[in-house]
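Listing of input.pdb, PDB, C-alpha atoms and all ligand atoms
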ATOM      1  CA  MET P 102      72.293  46.081  79.243
ATOM      2  CA  ALA P 103      69.296  48.359  79.768
ATOM      3  CA  GLY P 104      71.144  50.090  82.625
ATOM      4  CA  LEU P 105      74.201  50.596  80.428
ATOM      5  CA  LEU P 106      72.139  52.083  77.599
ATOM      6  CA  ASP P 107      70.455  54.382  80.116
ATOM      7  CA  LEU P 108      73.857  55.632  81.351
ATOM      8  CA  VAL P 109      75.089  56.192  77.770
ATOM      9  CA  GLU P 110      71.992  58.243  77.035
ATOM     10  CA  ARG P 111      72.030  60.229  80.282
ATOM     11  CA  HIS P 112      75.682  61.199  79.815
ATOM     12  CA  GLY P 113      75.212  61.901  76.092
ATOM     13  CA  LEU P 114      78.113  59.586  75.196
ATOM     14  CA  ALA P 115      78.821  59.212  71.472
ATOM     15  CA  ASN P 116      81.942  57.052  71.609
ATOM     16  CA  VAL P 117      80.487  53.852  73.082
ATOM     17  CA  ARG P 118      79.984  50.640  71.111
ATOM     18  CA  ILE P 119      78.184  47.720  72.738
ATOM     19  CA  PHE P 120      78.436  44.101  71.661
ATOM     20  CA  ASP P 121      75.625  42.185  73.351
ATOM     21  CA  ALA P 122      76.801  38.660  72.559
ATOM     22  CA  ASP P 123      79.635  36.240  73.204
ATOM     23  CA  VAL P 124      82.759  38.394  73.335
ATOM     24  CA  ARG P 125      84.869  35.543  71.930
ATOM     25  CA  VAL P 126      83.230  36.167  68.538
ATOM     26  CA  LEU P 127      84.329  39.788  68.710
ATOM     27  CA  LEU P 128      87.877  38.909  69.768
ATOM     28  CA  GLU P 129      88.230  36.653  66.727
ATOM     29  CA  ALA P 130      86.844  39.294  64.344
ATOM     30  CA  LEU P 131      88.948  42.287  65.388
ATOM     31  CA  PRO P 132      92.183  43.195  63.569
ATOM     32  CA  PRO P 133      95.572  43.033  65.358
ATOM     33  CA  ALA P 134      96.781  45.966  67.453
ATOM     34  CA  CYS P 135      93.419  47.751  67.604
ATOM     35  CA  LEU P 136      92.705  48.077  71.365
ATOM     36  CA  GLU P 137      94.401  50.264  73.968
ATOM     37  CA  ARG P 138      92.900  48.686  77.064
ATOM     38  CA  ILE P 139      91.008  45.509  77.762
ATOM     39  CA  PHE P 140      89.259  44.944  81.107
ATOM     40  CA  VAL P 141      88.158  41.440  82.103
ATOM     41  CA  LEU P 142      86.709  42.020  85.560
ATOM     42  CA  PHE P 143      85.467  39.103  87.609
ATOM     43  CA  PRO P 144      84.885  36.656  84.761
ATOM     44  CA  ASP P 145      82.595  33.772  85.696
ATOM     45  CA  PRO P 146      84.523  31.616  88.210
ATOM     46  CA  TRP P 147      83.277  28.148  87.136
ATOM     47  CA  PRO P 148      84.222  26.741  90.554
ATOM     48  CA  LYS P 149      83.606  23.035  89.808
ATOM     49  CA  ALA P 150      86.767  21.246  88.688
ATOM     50  CA  ARG P 151      85.016  19.678  85.698
ATOM     51  CA  HIS P 152      83.964  23.141  84.455
ATOM     52  CA  ARG P 153      87.376  24.815  84.767
ATOM     53  CA  LYS P 154      88.003  24.622  81.031
ATOM     54  CA  ARG P 155      85.092  27.040  80.550
ATOM     55  CA  ARG P 156      86.963  29.822  82.313
ATOM     56  CA  PHE P 157      87.413  32.775  79.999
ATOM     57  CA  ILE P 158      90.989  33.618  80.927
ATOM     58  CA  ASN P 159      93.494  30.975  79.859
ATOM     59  CA  GLN P 160      96.706  30.881  77.843
ATOM     60  CA  ALA P 161      94.860  30.909  74.488
ATOM     61  CA  SER P 162      92.629  33.888  75.317
ATOM     62  CA  VAL P 163      95.561  35.878  76.743
ATOM     63  CA  ALA P 164      97.576  35.137  73.580
ATOM     64  CA  ARG P 165      94.674  36.464  71.485
ATOM     65  CA  ILE P 166      94.355  39.532  73.702
ATOM     66  CA  CYS P 167      98.098  40.234  73.265
ATOM     67  CA  ASP P 168      97.559  40.300  69.479
ATOM     68  CA  LEU P 169      94.713  42.778  69.857
ATOM     69  CA  LEU P 170      96.550  45.207  72.144
ATOM     70  CA  VAL P 171      98.468  48.104  70.651
ATOM     71  CA  ASP P 172     102.080  48.564  71.801
ATOM     72  CA  ALA P 173     102.006  49.680  75.454
ATOM     73  CA  GLY P 174      98.323  48.665  75.572
ATOM     74  CA  GLU P 175      96.977  47.238  78.815
ATOM     75  CA  LEU P 176      95.144  44.140  79.933
ATOM     76  CA  ARG P 177      93.463  44.405  83.317
ATOM     77  CA  LEU P 178      92.116  41.395  85.155
ATOM     78  CA  ALA P 179      90.301  40.930  88.448
ATOM     79  CA  THR P 180      88.972  37.928  90.309
ATOM     80  CA  ASP P 181      87.992  37.005  93.842
ATOM     81  CA  ILE P 182      88.668  33.293  93.296
ATOM     82  CA  GLU P 183      92.089  32.243  94.555
ATOM     83  CA  ASP P 184      92.819  29.448  92.091
ATOM     84  CA  TYR P 185      91.500  31.508  89.170
ATOM     85  CA  ALA P 186      93.954  34.254  90.172
ATOM     86  CA  LEU P 187      96.752  31.671  89.956
ATOM     87  CA  ASP P 188      95.526  30.558  86.504
ATOM     88  CA  MET P 189      95.483  34.216  85.430
ATOM     89  CA  GLU P 190      99.029  34.749  86.679
ATOM     90  CA  GLN P 191     100.229  31.686  84.762
ATOM     91  CA  ALA P 192      98.486  32.840  81.585
ATOM     92  CA  LEU P 193     100.101  36.295  81.883
ATOM     93  CA  GLU P 194     103.457  34.736  82.716
ATOM     94  CA  SER P 195     103.268  32.610  79.562
ATOM     95  CA  ARG P 196     103.410  35.700  77.303
ATOM     96  CA  GLU P 197     106.824  37.276  77.077
ATOM     97  CA  GLU P 198     105.286  40.283  75.313
ATOM     98  CA  LEU P 199     103.473  41.194  78.557
ATOM     99  CA  GLN P 200     104.951  42.917  81.556
ATOM    100  CA  TRP P 201     102.519  42.307  84.393
ATOM    101  CA  SER P 202     102.124  42.954  88.094
ATOM    102  CA  HIS P 203      99.628  42.880  90.945
ATOM    103  CA  HIS P 204      98.600  46.408  90.533
ATOM    104  CA  ARG P 205      95.447  48.501  90.483
ATOM    105  CA  PRO P 206      95.887  51.836  88.699
ATOM    106  CA  SER P 207      93.766  54.655  90.131
ATOM    107  CA  ASP P 208      91.562  54.881  87.027
ATOM    108  CA  TRP P 209      90.307  51.323  87.514
ATOM    109  CA  PRO P 210      86.554  51.436  88.219
ATOM    110  CA  PRO P 211      84.951  49.294  90.926
ATOM    111  CA  THR P 212      82.224  46.945  89.701
ATOM    112  CA  ARG P 213      79.060  45.552  91.199
ATOM    113  CA  TYR P 214      80.616  42.107  91.497
ATOM    114  CA  GLU P 215      83.627  43.541  93.330
ATOM    115  CA  THR P 216      81.295  45.063  95.925
ATOM    116  CA  LYS P 217      79.507  41.718  96.324
ATOM    117  CA  ALA P 218      82.798  39.831  96.702
ATOM    118  CA  ARG P 219      84.007  42.201  99.427
ATOM    119  CA  ALA P 220      80.649  42.016 101.213
ATOM    120  CA  ALA P 221      81.034  38.228 101.232
ATOM    121  CA  GLY P 222      84.523  38.573 102.739
ATOM    122  CA  ARG P 223      86.488  37.691  99.582
ATOM    123  CA  GLU P 224      89.429  39.996  98.829
ATOM    124  CA  PRO P 225      89.789  40.506  95.066
ATOM    125  CA  VAL P 226      93.076  40.125  93.186
ATOM    126  CA  PHE P 227      93.938  42.754  90.557
ATOM    127  CA  LEU P 228      96.424  42.108  87.755
ATOM    128  CA  ALA P 229      97.609  44.595  85.153
ATOM    129  CA  GLY P 230      99.686  43.671  82.101
ATOM    130  CA  VAL P 231     101.302  46.105  79.669
ATOM    131  CA  ARG P 232     102.124  44.943  76.173
ATOM    132  CA  ARG P 233     105.770  45.442  75.231
ATOM    133  CA  ARG P 234     106.555  47.111  71.915
ATOM    134  CA  ARG P 235     106.512  44.871  68.871
ATOM    135  CA  ALA P 236     109.836  44.328  67.162
ATOM    136  CA  ILE P 237     110.167  46.424  64.005
ATOM    137  CA  THR P 238     111.042  44.204  61.058
ATOM    138  CA  ALA P 239     112.523  45.621  57.893
ATOM    139  CA  PRO P 240     110.457  45.060  54.722
ATOM    140  CA  GLY P 241     111.375  41.744  53.119
ATOM    141  CA  SER P 242     113.029  40.364  56.274
ATOM    142  CA  ARG P 243     111.461  37.605  58.398
TER     143      ARG P 243
HETATM  144  C1  LIG P 301      80.637  37.437  87.546
HETATM  145  S1  LIG P 301      79.943  38.500  86.332
HETATM  146  C2  LIG P 301      80.913  39.992  86.515
HETATM  147  C3  LIG P 301      80.205  41.187  85.908
HETATM  148  C4  LIG P 301      80.975  42.529  85.991
HETATM  149  N1  LIG P 301      82.211  42.462  85.200
HETATM  150  C5  LIG P 301      81.296  42.891  87.418
HETATM  151  O1  LIG P 301      82.485  42.829  87.800
HETATM  152  O2  LIG P 301      80.359  43.278  88.149
HETATM  153  C6  LIG P 301      80.586  37.793  84.809
HETATM  154  C7  LIG P 301      79.942  38.393  83.569
HETATM  155  O3  LIG P 301      80.616  37.911  82.395
HETATM  156  C8  LIG P 301      79.652  37.706  81.372
HETATM  157  N2  LIG P 301      80.215  36.734  80.412
HETATM  158  C9  LIG P 301      80.636  35.476  80.664
HETATM  159  N3  LIG P 301      81.101  34.884  79.545
HETATM  160  C10 LIG P 301      80.984  35.804  78.558
HETATM  161  C11 LIG P 301      81.284  35.802  77.157
HETATM  162  N4  LIG P 301      81.808  34.730  76.557
HETATM  163  N5  LIG P 301      81.015  36.920  76.440
HETATM  164  C12 LIG P 301      80.478  38.003  77.047
HETATM  165  N6  LIG P 301      80.190  38.081  78.361
HETATM  166  C13 LIG P 301      80.422  36.990  79.102
HETATM  167  C14 LIG P 301      78.434  37.194  82.113
HETATM  168  O4  LIG P 301      77.256  37.424  81.389
HETATM  169  C15 LIG P 301      78.460  38.067  83.379
HETATM  170  O5  LIG P 301      77.773  39.282  83.176
END
Can the structure in the file be given as structure tokens, please?
Amino acid sequence: MAGLLDLVERHGLANVRIFDADVRVLLEALPPACLERIFVLFPDPWPKARHRKRRFINQASVARICDLLVDAGELRLATDIEDYALDMEQALESREELQWSHHRPSDWPPTRYETKARAAGREPVFLAGVRRRRAITAPGSR
């Protein structure tokens, strides 16, 4: 956090907001269709089978993220854990409003954890999902 604040100050950035707490609280508080891009890069792997339910990316969190994305907004995910990548794919697959692929756009920044994963010989998986346009409903119709 201190490093991030230092970067914000050194670059004179005025458009950065930092939430230094459990992001799930923020996801619940935000209004629908308010975010253009959401990056979830190398979320904690929780490798033990009995801890899997603690993994951040699952069908419920991806459903919530879909609500928060604007039309054509993007969700970007990365992991170096093979079975987590499969869970991520299933969660993306479960949302028909998302068009997703194994894809790493060129403006996707590397992270410290990515460097560590590669150094340890683990090849990361990158997934990008684009939210399809919401259907326009006429006033008074359901
Ligand atoms: C494996 S590290 C990856 C860090 C960074 N994204 C990277 O790629 O270098 C996972 C990070 O997710 C954070 N984290 C886990 N659960 C979180 C939550 N519910 N809300 C906010 N941050 C969380 C942890 O504190 C940790 O910094």
Using the chain letters and numbering of this document, enumerate as a compact mmCIF listing (two decimals) with C-alpha atoms, keeping the file's coordinate frame the residues selected by the PyMOL selection byres (((chain P and resi 134-136) around 10) and not hetatm).
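Dumped everything to selection08.txt:
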# COMPACT_ATOMS: atom_id res chain seq x y z
CA LEU P 131 88.95 42.29 65.39
CA PRO P 132 92.18 43.20 63.57
CA PRO P 133 95.57 43.03 65.36
CA GLU P 137 94.40 50.26 73.97
CA ARG P 138 92.90 48.69 77.06
CA ILE P 139 91.01 45.51 77.76
CA ILE P 166 94.36 39.53 73.70
CA CYS P 167 98.10 40.23 73.26
CA ASP P 168 97.56 40.30 69.48
CA LEU P 169 94.71 42.78 69.86
CA LEU P 170 96.55 45.21 72.14
CA VAL P 171 98.47 48.10 70.65
CA ASP P 172 102.08 48.56 71.80
CA GLY P 174 98.32 48.66 75.57
CA GLU P 175 96.98 47.24 78.82
CA LEU P 176 95.14 44.14 79.93
CA ARG P 235 106.51 44.87 68.87
Using 6 Å of padding on each side, determine the axis-aligned box around all atoms of ligand LIG 301 (chain P) present in the file and give its centre and edge lengths in Å to one decimal, as JSON.
{"center_x": 79.9, "center_y": 39.0, "center_z": 82.3, "size_x": 17.2, "size_y": 20.5, "size_z": 23.7}
- the PyMOL selection byres (((chain P and resi 188-192) around 7) and not hetatm) on the file shown: which residues, as a PyMOL selection string? chain P and resi 158-160+163+184-187+193-195
- So which one's closest to P:His203, P:Val141, P:Val226, P:Val117, P:Val126? Using all atoms listed in the file, please.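 Counting all atoms listed in the file, the residue closest to P:His203 is P:Val226.
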Do you know which residues are within 6 Å of ligand LIG 301 (chain P) using only C-alpha atoms and all ligand atoms? Can you write them as a PDB file with C-alpha atoms, in the coordinates of the input?
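Output below, filename result_15.pdb:
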ATOM      1  CA  ALA P 122      76.801  38.660  72.559  1.00  0.00           C
ATOM      2  CA  ASP P 123      79.635  36.240  73.204  1.00  0.00           C
ATOM      3  CA  VAL P 124      82.759  38.394  73.335  1.00  0.00           C
ATOM      4  CA  ARG P 125      84.869  35.543  71.930  1.00  0.00           C
ATOM      5  CA  LEU P 142      86.709  42.020  85.560  1.00  0.00           C
ATOM      6  CA  PHE P 143      85.467  39.103  87.609  1.00  0.00           C
ATOM      7  CA  PRO P 144      84.885  36.656  84.761  1.00  0.00           C
ATOM      8  CA  ASP P 145      82.595  33.772  85.696  1.00  0.00           C
ATOM      9  CA  THR P 212      82.224  46.945  89.701  1.00  0.00           C
ATOM     10  CA  ARG P 213      79.060  45.552  91.199  1.00  0.00           C
ATOM     11  CA  TYR P 214      80.616  42.107  91.497  1.00  0.00           C
ATOM     12  CA  GLU P 215      83.627  43.541  93.330  1.00  0.00           C
TER      13      GLU P 215
END
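Closest approach to P:Glu224 among P:Ile182, P:Ala173, P:Ala239, P:Ala130 is made by P:Ile182 (distances from only C-alpha atoms).
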- Query: Which of these, P:Gly113, P:Lys217, P:Gly230, P:Arg177, has the shortest distance to P:Gln200 once you count all atoms listed in the file?
  - Reply: P:Gly230
- Item | Test item: which residues lie within 12 Å of (78.0, 55.4, 80.1) counting only C-alpha atoms, as a count of residues only | 18
Completion step: stretch 118-143 of chain P with N, CA, C and O atoms as a compact mmCIF listing (two decimals), in the frame of the given file:
# COMPACT_ATOMS: atom_id res chain seq x y z
N ARG P 118 80.52 51.71 71.97
CA ARG P 118 79.98 50.64 71.11
C ARG P 118 79.72 49.44 72.01
O ARG P 118 80.57 49.08 72.82
N ILE P 119 78.58 48.83 71.87
CA ILE P 119 78.18 47.72 72.74
C ILE P 119 77.98 46.47 71.89
O ILE P 119 77.32 46.52 70.86
N PHE P 120 78.59 45.39 72.35
CA PHE P 120 78.44 44.10 71.66
C PHE P 120 77.73 43.17 72.63
O PHE P 120 78.34 42.68 73.58
N ASP P 121 76.44 42.95 72.40
CA ASP P 121 75.62 42.18 73.35
C ASP P 121 75.57 40.72 72.94
O ASP P 121 74.53 40.18 72.59
N ALA P 122 76.74 40.08 72.95
CA ALA P 122 76.80 38.66 72.56
C ALA P 122 78.09 38.09 73.13
O ALA P 122 78.76 38.74 73.93
N ASP P 123 78.43 36.90 72.70
CA ASP P 123 79.64 36.24 73.20
C ASP P 123 80.87 37.00 72.74
O ASP P 123 81.15 37.10 71.54
N VAL P 124 81.63 37.52 73.69
CA VAL P 124 82.76 38.39 73.33
C VAL P 124 83.84 37.63 72.55
O VAL P 124 84.63 38.25 71.83
N ARG P 125 83.84 36.30 72.67
CA ARG P 125 84.87 35.54 71.93
C ARG P 125 84.72 35.72 70.43
O ARG P 125 85.71 35.73 69.69
N VAL P 126 83.48 35.92 69.97
CA VAL P 126 83.23 36.17 68.54
C VAL P 126 83.89 37.48 68.13
O VAL P 126 84.55 37.58 67.09
N LEU P 127 83.74 38.48 68.99
CA LEU P 127 84.33 39.79 68.71
C LEU P 127 85.86 39.71 68.71
O LEU P 127 86.53 40.26 67.81
N LEU P 128 86.41 39.01 69.68
CA LEU P 128 87.88 38.91 69.77
C LEU P 128 88.46 38.26 68.51
O LEU P 128 89.55 38.63 68.06
N GLU P 129 87.73 37.30 67.94
CA GLU P 129 88.23 36.65 66.73
C GLU P 129 88.11 37.56 65.51
O GLU P 129 88.87 37.43 64.56
N ALA P 130 87.12 38.48 65.53
CA ALA P 130 86.84 39.29 64.34
C ALA P 130 87.69 40.56 64.26
O ALA P 130 87.86 41.12 63.18
N LEU P 131 88.23 41.00 65.39
CA LEU P 131 88.95 42.29 65.39
C LEU P 131 90.33 42.15 64.75
O LEU P 131 90.95 41.08 64.81
N PRO P 132 90.84 43.24 64.15
CA PRO P 132 92.18 43.20 63.57
C PRO P 132 93.26 43.31 64.65
O PRO P 132 92.97 43.77 65.76
N PRO P 133 94.50 42.92 64.35
CA PRO P 133 95.57 43.03 65.36
C PRO P 133 95.81 44.48 65.76
O PRO P 133 95.53 45.40 64.99
N ALA P 134 96.34 44.66 66.96
CA ALA P 134 96.78 45.97 67.45
C ALA P 134 95.71 47.05 67.29
O ALA P 134 95.96 48.11 66.71
N CYS P 135 94.50 46.77 67.78
CA CYS P 135 93.42 47.75 67.60
C CYS P 135 92.84 48.25 68.94
O CYS P 135 91.99 49.11 68.94
N LEU P 136 93.30 47.70 70.08
CA LEU P 136 92.70 48.08 71.36
C LEU P 136 93.77 48.61 72.33
O LEU P 136 94.85 48.02 72.43
N GLU P 137 93.44 49.68 73.01
CA GLU P 137 94.40 50.26 73.97
C GLU P 137 94.28 49.64 75.35
O GLU P 137 95.26 49.52 76.07
N ARG P 138 93.07 49.32 75.75
CA ARG P 138 92.90 48.69 77.06
C ARG P 138 91.79 47.65 77.00
O ARG P 138 90.76 47.88 76.36
N ILE P 139 92.01 46.56 77.68
CA ILE P 139 91.01 45.51 77.76
C ILE P 139 90.82 45.18 79.25
O ILE P 139 91.79 44.86 79.94
N PHE P 140 89.58 45.29 79.72
CA PHE P 140 89.26 44.94 81.11
C PHE P 140 88.49 43.62 81.11
O PHE P 140 87.50 43.49 80.38
N VAL P 141 88.94 42.68 81.89
CA VAL P 141 88.16 41.44 82.10
C VAL P 141 87.99 41.33 83.62
O VAL P 141 88.86 40.81 84.32
N LEU P 142 86.88 41.87 84.11
CA LEU P 142 86.71 42.02 85.56
C LEU P 142 85.74 40.98 86.09
O LEU P 142 84.58 40.91 85.68
N PHE P 143 86.25 40.15 86.96
CA PHE P 143 85.47 39.10 87.61
C PHE P 143 84.75 38.21 86.60
O PHE P 143 83.52 38.08 86.63
